[in-house]
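Trainee: Just passing along the structure, written as structure tokens.
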Amino acid sequence: MRCVALLGMPNTGKSTFFNRFTGASARVGNWPGITIDLMAAKIPLGGHVVKVVDLPGIYDFHGFSEDEKVVRRFLENNSIDLLVIVLNGNQLERQLSLALQARQVGLRAVLLLNMSDEAKRAGITVDTEKMAAGLGMPVVWVSAKYGEGFSAATQVISSALYSGCPTDPASLRANLAADDEIEDALQHIMKSAVQIPKYMPEGVTTRIDRILLHPVLGLPLFFLIMFLLFQSIFTLSKPLQDAMAWLLQQARTFALEPLVSGLPLWMQGLLLDGIYNGVGTVAAFVPVIVLFFLVMTVVEDSGYLSRAAYLMDAMMARLGLDGRSFVMLLMGFGCNVPALMGTRIMRSRALRLLTMLVIPFSLCSARLQVFLFIITAIFTAQAAPAVLFSLYLLSFAVALLTAMLFKSQFLSSEPFIIELPPYRLPTVRQMILRGWQEVRHFLKRASKFITAGVVAVWFLTHLPSDVPPGSVDTLAGSIGALLSPVLSPIGIDSQLAIVLIFGFVAKEIVIGSLAAIYGLEGGALMGLMAQKLDWVQAYSFMLFTLIYTPCLSAVATLRSEAKSYLFMLASVGWSLLLAWLVSFGFYQGARLLGY
Ligand SMILES: Nc1nc2c(ncn2[C@@H]2O[C@H](COP(=O)(O)OP(=O)(O)OP(=O)(O)O)[C@@H](O)[C@H]2O)c(=O)[nH]1
Ligand SMILES: [Mg+2]
């Protein structure tokens with residue numbers, strides 16, 4: 001099968017092109033380094049099936065960040081029939097060198113000048129024929145985001161693909177000519193084929209940045225914006241969650257109950273009170289999580305994320321981190337796993353490790369579900385948003401504390417230069433794609449962990465069968481009793497202890513398990529929680545849940561990214577210890593004060 005690879009600098013729109021070209025749903029975002037792994041799709045092209053591979057962005061073939069190594073290894077070890085080079089048409093001066101390098105190492109290529117929409121607005125014109133002659137490869141303008149120029153691009157790609165035989169670059173770096181030779185060629189092409197207006201009018205981006213990057217107001221504005229975003233998610237979450245819970249309840253009463261009524265009682269219990277309640281209680285949060293990710297998409301795709309990196313850089317540098325680490329923490333609010341992988345854009349191993357050590361404290365969307373549930377159950381509607389926000393602040397605080405404590409072990413001096421991309425609005429298409437990705441992500445986790453976890457918890461709390469379910473005499477009760485010397489000083493009883501053990505696998509199991517243990521779902525379960533826990537216990541439980549490790553996938557990612565078991569163990573050990581200390585401090589302190 002013929003293979004086409006998409007190559008270009010970071011943030012040039014490769015994944016956007018890939019998605020539209022193949023119908024796939026790779027993640028895109030206005031931040032260099034969104035794609036961290038190879039992603040492939042097969043499509044019919046010119047009568048054959050062709051494999052298209054989306055690569056992480058690279059600055060040049062010499063690069064030595066983890067990202068760039070991934071790309072180089074891929075190009076050296078696979079026979080690529082055609083490179084589709086995607087450049088940002090507004091930054092040709094800087095980006096054309098990549099096309100020249102590709103030609104030098106003997107890779108057959110076509111060149112797509114992306115972002116034709118922005119280039120047109122900026123008044124940039126290119127004589128594509130001249131450029132093609134200078135580079136020795138076809139050149140086409142496209143707009144990956146708005147779908148312009150696709151028929152020309154498809155034509156150029158398919159005709160280049162089926163002429164000649166595949167190339168096989170033995171070693172990419174060996175074949176590269178001296179940089180000044182490339183520089184000369186680049187200058188020549190720029191002069192003969194590209195026209196850039198002498199005076200660019202002051203764009204919208206500059207005007208917005210004058211406010212958002214203001215030396216004094218920038219940071220307070222950033223926190224205000226974040227606070228308002230989270231506040232709005234919280235306000236919208238309740239009705240969404242209620243609607244979803246109502247739907248699930250209807251499905252249970254009118255479809256499921258009649259369906260299973262012929263089965264033995266214990267099996268009905270397992271199916272309805274165990275699995276359906278467990279998974280359903282978690283599923284009720286899916287609309288909120290989708291909403292949350294849509295908001296994140298706007299923050300990410302607008303380009304504000306890069307501004308956050310810029311604004312926080314100085315502060316983070318004092319903790320041994322940099323602006324990118326901060327962005328990874330923010331991305332971790334969605335899910336820690338891609339945030340951990342996103343550290344690949346860092347070249348210094350020490351900086352990467354320190355960043356990976358703090359990311360697991362980032363309050364991810366799975367933990368958000370647990371907190372939304374408990375907060376709604378225990379706190380008043382007035383107090384609720386502030387309680388949630390306090391958890392976000394604490395999540396940062398423990399991350400920063402960790403960096404401060406360990407920075408001397410991970411010294412690095414990698415200079416950090418951030419490029420601020422222009423502000424961009426996500427399209428509806430991109431939003432739908434992202435929403436769908438999140439639903440799919442949930443379904444995947446539901447089929448992998450949540451159901452299995454809920455079933456296991458149900459059995460643990462219902463066996464042996466001659467004792468009351470959920471009582472201290474069940475298997476779960478015995479395990480809980482074992483842990484009680486450690487967990488009762490922080491206000492966590494034996495049922496919650498079981499839930500925490502399973503929460504290690506995935507936080508979605510936490511609420512699902514509670515539902516399975518008590519055979520209640522949604523509102524009824526919340527009512528029971530409110531009876532069982534006072535606010536001090538509930539907050540202590542949330543603190544522990546926040547800090548004590550994200551989930552099994554994050555731990556596995558930590559290991560594979562750090563390539564070290566020791567680092568993984570140290571990270572998990574530290575999180576557990578810190579979680580216990582923080583919860584203990586809070587719980588005992590609050591009790592001492594008479595709460
Ligand atoms: N205006 C405009 N924006 C675009 C176009 N194509 C992509 N973008 C935006 O450019 C940003 C980067 O897009 P991605 O597809 O993630 O870029 P990438 O090259 O895959 O980036 P990395 O994976 O980080 O290397 C996103 O905000 C896209 O919405 C385009 O044709 N016009
Ligand atoms: Mg990408």
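Scheme for the structure tokens: letters A, B, ... for chains in order shown; per-chain residue numbers from 1; ligand numbers from 1 in order shown.
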Counting only C-alpha atoms and all ligand atoms, which residues of chain A fall within 9 Å of ligand 1, and what is the closest atom pair for each with its distance in Å at one decimal, ordered by chain and rising number, as JSON lines?
Mentor:
{"residue": "A:Leu6", "atom": "CA", "partner": "ligand 1", "partner_atom_place_in_ligand_line": "19 (O)", "distance": 8.9}
{"residue": "A:Leu7", "atom": "CA", "partner": "ligand 1", "partner_atom_place_in_ligand_line": "19 (O)", "distance": 8.2}
{"residue": "A:Gly8", "atom": "CA", "partner": "ligand 1", "partner_atom_place_in_ligand_line": "19 (O)", "distance": 6.5}
{"residue": "A:Met9", "atom": "CA", "partner": "ligand 1", "partner_atom_place_in_ligand_line": "25 (O)", "distance": 6.1}
{"residue": "A:Pro10", "atom": "CA", "partner": "ligand 1", "partner_atom_place_in_ligand_line": "25 (O)", "distance": 3.3}
{"residue": "A:Asn11", "atom": "CA", "partner": "ligand 1", "partner_atom_place_in_ligand_line": "21 (O)", "distance": 3.4}
{"residue": "A:Thr12", "atom": "CA", "partner": "ligand 1", "partner_atom_place_in_ligand_line": "19 (O)", "distance": 3.9}
{"residue": "A:Gly13", "atom": "CA", "partner": "ligand 1", "partner_atom_place_in_ligand_line": "15 (O)", "distance": 3.3}
{"residue": "A:Lys14", "atom": "CA", "partner": "ligand 1", "partner_atom_place_in_ligand_line": "19 (O)", "distance": 3.8}
{"residue": "A:Ser15", "atom": "CA", "partner": "ligand 1", "partner_atom_place_in_ligand_line": "15 (O)", "distance": 3.6}
{"residue": "A:Thr16", "atom": "CA", "partner": "ligand 1", "partner_atom_place_in_ligand_line": "15 (O)", "distance": 3.7}
{"residue": "A:Phe17", "atom": "CA", "partner": "ligand 1", "partner_atom_place_in_ligand_line": "15 (O)", "distance": 6.5}
{"residue": "A:Phe18", "atom": "CA", "partner": "ligand 1", "partner_atom_place_in_ligand_line": "15 (O)", "distance": 7.7}
{"residue": "A:Asn19", "atom": "CA", "partner": "ligand 1", "partner_atom_place_in_ligand_line": "15 (O)", "distance": 8.3}
{"residue": "A:Ala26", "atom": "CA", "partner": "ligand 1", "partner_atom_place_in_ligand_line": "15 (O)", "distance": 8.2}
{"residue": "A:Arg27", "atom": "CA", "partner": "ligand 1", "partner_atom_place_in_ligand_line": "16 (O)", "distance": 6.5}
{"residue": "A:Val28", "atom": "CA", "partner": "ligand 1", "partner_atom_place_in_ligand_line": "16 (O)", "distance": 3.3}
{"residue": "A:Gly29", "atom": "CA", "partner": "ligand 1", "partner_atom_place_in_ligand_line": "16 (O)", "distance": 4.2}
{"residue": "A:Asn30", "atom": "CA", "partner": "ligand 1", "partner_atom_place_in_ligand_line": "27 (O)", "distance": 3.5}
{"residue": "A:Trp31", "atom": "CA", "partner": "ligand 1", "partner_atom_place_in_ligand_line": "24 (O)", "distance": 5.8}
{"residue": "A:Pro32", "atom": "CA", "partner": "ligand 1", "partner_atom_place_in_ligand_line": "24 (O)", "distance": 3.9}
{"residue": "A:Gly33", "atom": "CA", "partner": "ligand 1", "partner_atom_place_in_ligand_line": "24 (O)", "distance": 3.4}
{"residue": "A:Ile34", "atom": "CA", "partner": "ligand 1", "partner_atom_place_in_ligand_line": "24 (O)", "distance": 3.8}
{"residue": "A:Thr35", "atom": "CA", "partner": "ligand 1", "partner_atom_place_in_ligand_line": "23 (O)", "distance": 3.6}
{"residue": "A:Ile36", "atom": "CA", "partner": "ligand 1", "partner_atom_place_in_ligand_line": "23 (O)", "distance": 6.8}
{"residue": "A:Asp37", "atom": "CA", "partner": "ligand 1", "partner_atom_place_in_ligand_line": "23 (O)", "distance": 8.9}
{"residue": "A:Asp54", "atom": "CA", "partner": "ligand 1", "partner_atom_place_in_ligand_line": "20 (O)", "distance": 7.6}
{"residue": "A:Leu55", "atom": "CA", "partner": "ligand 1", "partner_atom_place_in_ligand_line": "23 (O)", "distance": 7.2}
{"residue": "A:Pro56", "atom": "CA", "partner": "ligand 1", "partner_atom_place_in_ligand_line": "25 (O)", "distance": 4.8}
{"residue": "A:Gly57", "atom": "CA", "partner": "ligand 1", "partner_atom_place_in_ligand_line": "25 (O)", "distance": 3.4}
{"residue": "A:Ile58", "atom": "CA", "partner": "ligand 1", "partner_atom_place_in_ligand_line": "25 (O)", "distance": 7.0}
{"residue": "A:Val86", "atom": "CA", "partner": "ligand 1", "partner_atom_place_in_ligand_line": "19 (O)", "distance": 7.5}
{"residue": "A:Leu87", "atom": "CA", "partner": "ligand 1", "partner_atom_place_in_ligand_line": "19 (O)", "distance": 8.3}
{"residue": "A:Asn88", "atom": "CA", "partner": "ligand 1", "partner_atom_place_in_ligand_line": "5 (C)", "distance": 8.3}
{"residue": "A:Leu113", "atom": "CA", "partner": "ligand 1", "partner_atom_place_in_ligand_line": "31 (O)", "distance": 8.9}
{"residue": "A:Asn114", "atom": "CA", "partner": "ligand 1", "partner_atom_place_in_ligand_line": "31 (O)", "distance": 5.3}
{"residue": "A:Met115", "atom": "CA", "partner": "ligand 1", "partner_atom_place_in_ligand_line": "31 (O)", "distance": 3.4}
{"residue": "A:Ser116", "atom": "CA", "partner": "ligand 1", "partner_atom_place_in_ligand_line": "31 (O)", "distance": 6.0}
{"residue": "A:Asp117", "atom": "CA", "partner": "ligand 1", "partner_atom_place_in_ligand_line": "32 (N)", "distance": 5.7}
{"residue": "A:Glu118", "atom": "CA", "partner": "ligand 1", "partner_atom_place_in_ligand_line": "1 (N)", "distance": 5.3}
{"residue": "A:Ala119", "atom": "CA", "partner": "ligand 1", "partner_atom_place_in_ligand_line": "1 (N)", "distance": 8.6}
{"residue": "A:Val142", "atom": "CA", "partner": "ligand 1", "partner_atom_place_in_ligand_line": "31 (O)", "distance": 6.5}
{"residue": "A:Ser143", "atom": "CA", "partner": "ligand 1", "partner_atom_place_in_ligand_line": "31 (O)", "distance": 3.3}
{"residue": "A:Ala144", "atom": "CA", "partner": "ligand 1", "partner_atom_place_in_ligand_line": "31 (O)", "distance": 4.0}
{"residue": "A:Lys145", "atom": "CA", "partner": "ligand 1", "partner_atom_place_in_ligand_line": "31 (O)", "distance": 4.2}
{"residue": "A:Tyr146", "atom": "CA", "partner": "ligand 1", "partner_atom_place_in_ligand_line": "31 (O)", "distance": 6.0}
{"residue": "A:Gly147", "atom": "CA", "partner": "ligand 1", "partner_atom_place_in_ligand_line": "31 (O)", "distance": 7.4}
{"residue": "A:Glu148", "atom": "CA", "partner": "ligand 1", "partner_atom_place_in_ligand_line": "31 (O)", "distance": 7.9}
{"residue": "A:Glu300", "atom": "CA", "partner": "ligand 1", "partner_atom_place_in_ligand_line": "27 (O)", "distance": 7.7}
{"residue": "A:Asp301", "atom": "CA", "partner": "ligand 1", "partner_atom_place_in_ligand_line": "27 (O)", "distance": 4.5}
{"residue": "A:Ser302", "atom": "CA", "partner": "ligand 1", "partner_atom_place_in_ligand_line": "27 (O)", "distance": 6.6}
{"residue": "A:Gly303", "atom": "CA", "partner": "ligand 1", "partner_atom_place_in_ligand_line": "27 (O)", "distance": 7.0}
{"residue": "A:Pro421", "atom": "CA", "partner": "ligand 1", "partner_atom_place_in_ligand_line": "11 (C)", "distance": 8.3}
{"residue": "A:Pro422", "atom": "CA", "partner": "ligand 1", "partner_atom_place_in_ligand_line": "1 (N)", "distance": 8.8}
{"residue": "A:Tyr423", "atom": "CA", "partner": "ligand 1", "partner_atom_place_in_ligand_line": "27 (O)", "distance": 8.3}
{"residue": "A:Arg424", "atom": "CA", "partner": "ligand 1", "partner_atom_place_in_ligand_line": "27 (O)", "distance": 6.1}
{"residue": "A:Leu425", "atom": "CA", "partner": "ligand 1", "partner_atom_place_in_ligand_line": "29 (O)", "distance": 7.4}
{"residue": "A:Pro426", "atom": "CA", "partner": "ligand 1", "partner_atom_place_in_ligand_line": "29 (O)", "distance": 5.9}
{"residue": "A:Thr427", "atom": "CA", "partner": "ligand 1", "partner_atom_place_in_ligand_line": "29 (O)", "distance": 7.7}
{"residue": "A:Gln430", "atom": "CA", "partner": "ligand 1", "partner_atom_place_in_ligand_line": "29 (O)", "distance": 7.7}
Trainee: When you look at Glu414 of chain A with a cut-off of 9 Å (counting only C-alpha atoms), what residues show up, excluding the ones that are within fewer than 6 positions of it in the same chain? I need them as a list in words.
Mentor: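 Contacts, in chain order: Met346, Arg347, Ser348 and Leu351 of chain A.
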Trainee: For the residues selected in the previous step, produce a file with N, CA and C atoms as a short mmCIF file (atom, residue, chain, number, x, y, z; two decimals), in the first residue's frame.
Mentor:
data_model
loop_
_atom_site.label_atom_id
_atom_site.label_comp_id
_atom_site.auth_asym_id
_atom_site.auth_seq_id
_atom_site.Cartn_x
_atom_site.Cartn_y
_atom_site.Cartn_z
N MET A 346 9.28 19.42 24.98
CA MET A 346 10.42 19.93 25.75
C MET A 346 11.65 19.12 25.43
N ARG A 347 12.75 19.82 25.28
CA ARG A 347 13.97 19.11 24.93
C ARG A 347 14.73 18.61 26.15
N SER A 348 14.70 19.42 27.21
CA SER A 348 15.46 19.03 28.38
C SER A 348 14.72 17.95 29.16
N LEU A 351 13.49 19.07 32.69
CA LEU A 351 12.29 19.90 32.66
C LEU A 351 11.06 19.04 32.38
#
Trainee: Have a look at A:Arg73, A:Lys448, A:Arg108, A:Arg367 and name the one nearest to Ser159 of chain A; count only C-alpha atoms.
Mentor: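 Smallest separation from Ser159 of chain A among the options: A:Arg108.
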Trainee: DSSP on the backbone, then: every residue of segment 263-381 of chain A marked alpha helix (DSSP H), written as a PyMOL selection string.
Mentor: chain A and resi 265-268+277-283+286-302+304-317+323-332+336-342+349-358+365-378
Trainee: Quick one: residues within 7 Å of segment 284-298 of chain A, only C-alpha atoms counted, chain neighbours fewer than 6 positions away excluded, as an MDAnalysis selection string?
Mentor: chainID A and resid 233 237 240:241 244:245 334 365 369 426 431 435 438
Trainee: Name all residues at most 10 Å from Phe371 of chain A (count only C-alpha atoms; drop same-chain ones fewer than 4 positions away) and give them as a ChimeraX atom specification.
Mentor: /A:363,365-367,375-377,384,387-388,391,511,538-539,541-543,545-546
Trainee: What is the distance between atom CA of Pro415 of chain A and atom CA of Val555 of chain A, in Å to one decimal?
Mentor: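 Distance reported for this atom pair: 28.4 Å.
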